[in-house]
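**Q** Dropping in target08.cif, which is mmCIF, C-alpha atoms:
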data_input
loop_
_atom_site.group_PDB
_atom_site.id
_atom_site.type_symbol
_atom_site.label_atom_id
_atom_site.label_comp_id
_atom_site.auth_asym_id
_atom_site.auth_seq_id
_atom_site.Cartn_x
_atom_site.Cartn_y
_atom_site.Cartn_z
ATOM 1 C CA MET Q 219 16.753 64.730 -34.296
ATOM 2 C CA SER Q 220 17.967 61.728 -36.280
ATOM 3 C CA PHE Q 221 15.670 59.756 -38.535
ATOM 4 C CA ARG Q 222 16.788 56.503 -40.124
ATOM 5 C CA GLN Q 223 14.538 54.962 -42.703
ATOM 6 C CA LYS Q 224 14.343 51.236 -43.232
ATOM 7 C CA ALA Q 225 11.858 48.819 -44.661
ATOM 8 C CA ASP Q 226 9.429 47.394 -42.143
ATOM 9 C CA MET Q 227 7.590 45.042 -44.537
ATOM 10 C CA ILE Q 228 8.270 43.343 -47.864
ATOM 11 C CA SER Q 229 5.925 41.540 -50.232
ATOM 12 C CA VAL Q 230 7.168 38.072 -51.228
ATOM 13 C CA ILE Q 231 5.345 35.997 -53.846
ATOM 14 C CA LEU Q 232 5.479 32.301 -52.936
ATOM 15 C CA ASN Q 233 5.137 30.932 -56.455
ATOM 16 C CA HIS Q 234 6.209 31.751 -59.988
ATOM 17 C CA HIS Q 235 4.626 34.638 -61.810
ATOM 18 C CA ASP Q 236 3.975 35.258 -65.453
ATOM 19 C CA GLU Q 237 3.305 38.902 -66.302
ATOM 20 C CA ALA Q 238 2.815 40.684 -69.613
ATOM 21 C CA PHE Q 239 3.499 44.386 -70.071
ATOM 22 C CA VAL Q 240 3.475 46.588 -73.157
ATOM 23 C CA LYS Q 241 7.242 46.401 -73.720
ATOM 24 C CA ALA Q 242 8.216 43.214 -71.917
ATOM 25 C CA ASP Q 243 6.974 39.866 -70.662
ATOM 26 C CA PHE Q 244 8.257 38.195 -67.498
ATOM 27 C CA ASN Q 245 8.052 34.553 -66.496
ATOM 28 C CA VAL Q 246 9.955 34.215 -63.226
ATOM 29 C CA LEU Q 247 10.392 31.159 -61.027
ATOM 30 C CA HIS Q 248 11.167 31.684 -57.332
ATOM 31 C CA PRO Q 249 12.806 28.446 -56.100
ATOM 32 C CA LYS Q 250 12.793 27.427 -52.440
ATOM 33 C CA ASP Q 251 16.413 28.533 -51.963
ATOM 34 C CA GLU Q 252 15.422 32.064 -52.964
ATOM 35 C CA LEU Q 253 12.422 32.040 -50.593
ATOM 36 C CA ILE Q 254 14.674 30.789 -47.765
ATOM 37 C CA GLU Q 255 17.107 33.655 -48.444
ATOM 38 C CA TYR Q 256 14.258 36.201 -48.373
ATOM 39 C CA ALA Q 257 13.122 34.786 -45.019
ATOM 40 C CA ARG Q 258 16.684 34.830 -43.629
ATOM 41 C CA LEU Q 259 17.221 38.457 -44.637
ATOM 42 C CA CYS Q 260 13.829 39.498 -43.261
ATOM 43 C CA HIS Q 261 14.751 37.985 -39.895
ATOM 44 C CA LYS Q 262 18.242 39.523 -39.963
ATOM 45 C CA TYR Q 263 16.967 43.054 -40.635
ATOM 46 C CA GLY Q 264 13.700 42.899 -38.694
ATOM 47 C CA VAL Q 265 11.514 43.171 -41.797
ATOM 48 C CA LYS Q 266 8.096 41.508 -41.718
ATOM 49 C CA PRO Q 267 7.381 39.422 -44.852
ATOM 50 C CA GLU Q 268 3.920 39.713 -46.394
ATOM 51 C CA PHE Q 269 3.562 36.453 -48.298
ATOM 52 C CA GLU Q 270 1.495 36.486 -51.487
ATOM 53 C CA VAL Q 271 -0.527 33.279 -51.806
ATOM 54 C CA TRP Q 272 -2.121 32.629 -55.199
ATOM 55 C CA HIS Q 273 -2.749 28.866 -55.200
ATOM 56 C CA ALA Q 274 -2.126 25.641 -53.289
ATOM 57 C CA GLY Q 275 1.543 25.601 -54.354
ATOM 58 C CA SER Q 276 2.029 28.893 -52.503
ATOM 59 C CA ILE Q 277 0.610 27.330 -49.340
ATOM 60 C CA TRP Q 278 2.948 24.357 -49.785
ATOM 61 C CA ASN Q 279 5.947 26.726 -50.021
ATOM 62 C CA LEU Q 280 4.797 28.679 -46.948
ATOM 63 C CA ASN Q 281 4.390 25.450 -44.959
ATOM 64 C CA TYR Q 282 7.890 24.441 -46.103
ATOM 65 C CA LEU Q 283 9.347 27.716 -44.778
ATOM 66 C CA ILE Q 284 7.503 27.367 -41.463
ATOM 67 C CA GLY Q 285 8.306 23.652 -41.085
ATOM 68 C CA ASN Q 286 12.020 24.286 -41.645
ATOM 69 C CA ASN Q 287 12.120 27.200 -39.169
ATOM 70 C CA CYS Q 288 12.817 29.707 -41.946
ATOM 71 C CA SER Q 289 9.793 31.823 -41.084
ATOM 72 C CA PRO Q 290 7.580 32.117 -38.014
ATOM 73 C CA HIS Q 291 4.009 30.863 -38.149
ATOM 74 C CA PRO Q 292 1.746 33.658 -39.458
ATOM 75 C CA SER Q 293 -0.147 35.455 -36.741
#
Reformat the file's structure so that it appears as structure tokens.
**A**
Amino acid sequence: MSFRQKADMISVILNHHDEAFVKADFNVLHPKDELIEYARLCHKYGVKPEFEVWHAGSIWNLNYLIGNNCSPHPS
């Protein structure tokens, strides 16, 4: 029997995040081009994106992806 593992879902944050840890701090911006690339790769490899929505800007980015046919409408 053959068993091939592959991701079936990925979590994608739709806005920047600012996190503080004991040994490091991270302030990361995820521009639209990066979100488009995530969506393209998810479609290519059959991986379902789980979009993290934290505020209205996240919803704006999700609507941008949907409106530009980068991601299907959430079901």
**Q** Please evaluate the PyMOL selection byres ((chain Q and resi 259-271) around 7) against the structure above and give the resulting residues as a list in words.
**A**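 Here the PyMOL selection byres ((chain Q and resi 259-271) around 7) matches Ala225, Asp226, Met227, Ile228, Ser229, Val230, Ile231, Leu232, Glu255, Tyr256, Ala257, Arg258, Trp272, His273, Ser276 and Ile277 of chain Q.
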**Q** Could you check which of Q:Ile254, Q:Arg222, Q:Ala238, Q:Asp243 is closest to Ile284 in chain Q, using only C-alpha atoms?
**A**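 Between Q:Ile254, Q:Arg222, Q:Ala238, Q:Asp243, the residue approaching Ile284 in chain Q most closely is Q:Ile254.
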**Q** Please, what distance in Å, to one decimal, runs between CA of Gly275 in chain Q and CA of Ala242 in chain Q?
**A**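 Between CA of Gly275 in chain Q and CA of Ala242 in chain Q the gap is 25.8 Å.
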**Q** Taking the file as I've supplied it (selection: the PyMOL selection byres ((chain Q and resi 234) around 7)), which residues are included? Please answer as a VMD selection string.
**A** chain Q and resid 233 235 to 236 246 to 248
**Q** Enclose all atoms of range 240-244 of chain Q listed in the file in an axis-aligned box, grow every side by 8 Å, and hand back centre and edge lengths in Å to one decimal, as JSON.
**A**
{"center_x": 5.9, "center_y": 42.4, "center_z": -70.6, "size_x": 20.8, "size_y": 24.4, "size_z": 22.2}
**Q** For each of Q:Phe244, Q:Phe239, Q:Leu253, Q:His291, take the minimum atom-to-atom distance to Asn279 in chain Q, counting all atoms listed in the file, then give the residue where this is smallest.
**A**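 Answer, going by the shortest atom-to-atom distance: Q:Leu253.
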**Q** Record the distance separating CA of Lys250 in chain Q and CA of Cys288 in chain Q, expressed in Å with one decimal.
**A**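 Straight-line distance from CA of Lys250 in chain Q to CA of Cys288 in chain Q works out to 10.7 Å.
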**Q** Using CA of Glu237 in chain Q and CA of Lys224 in chain Q as the two end points, give the distance in Å to one decimal.
**A**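 A separation of 28.4 Å between them.
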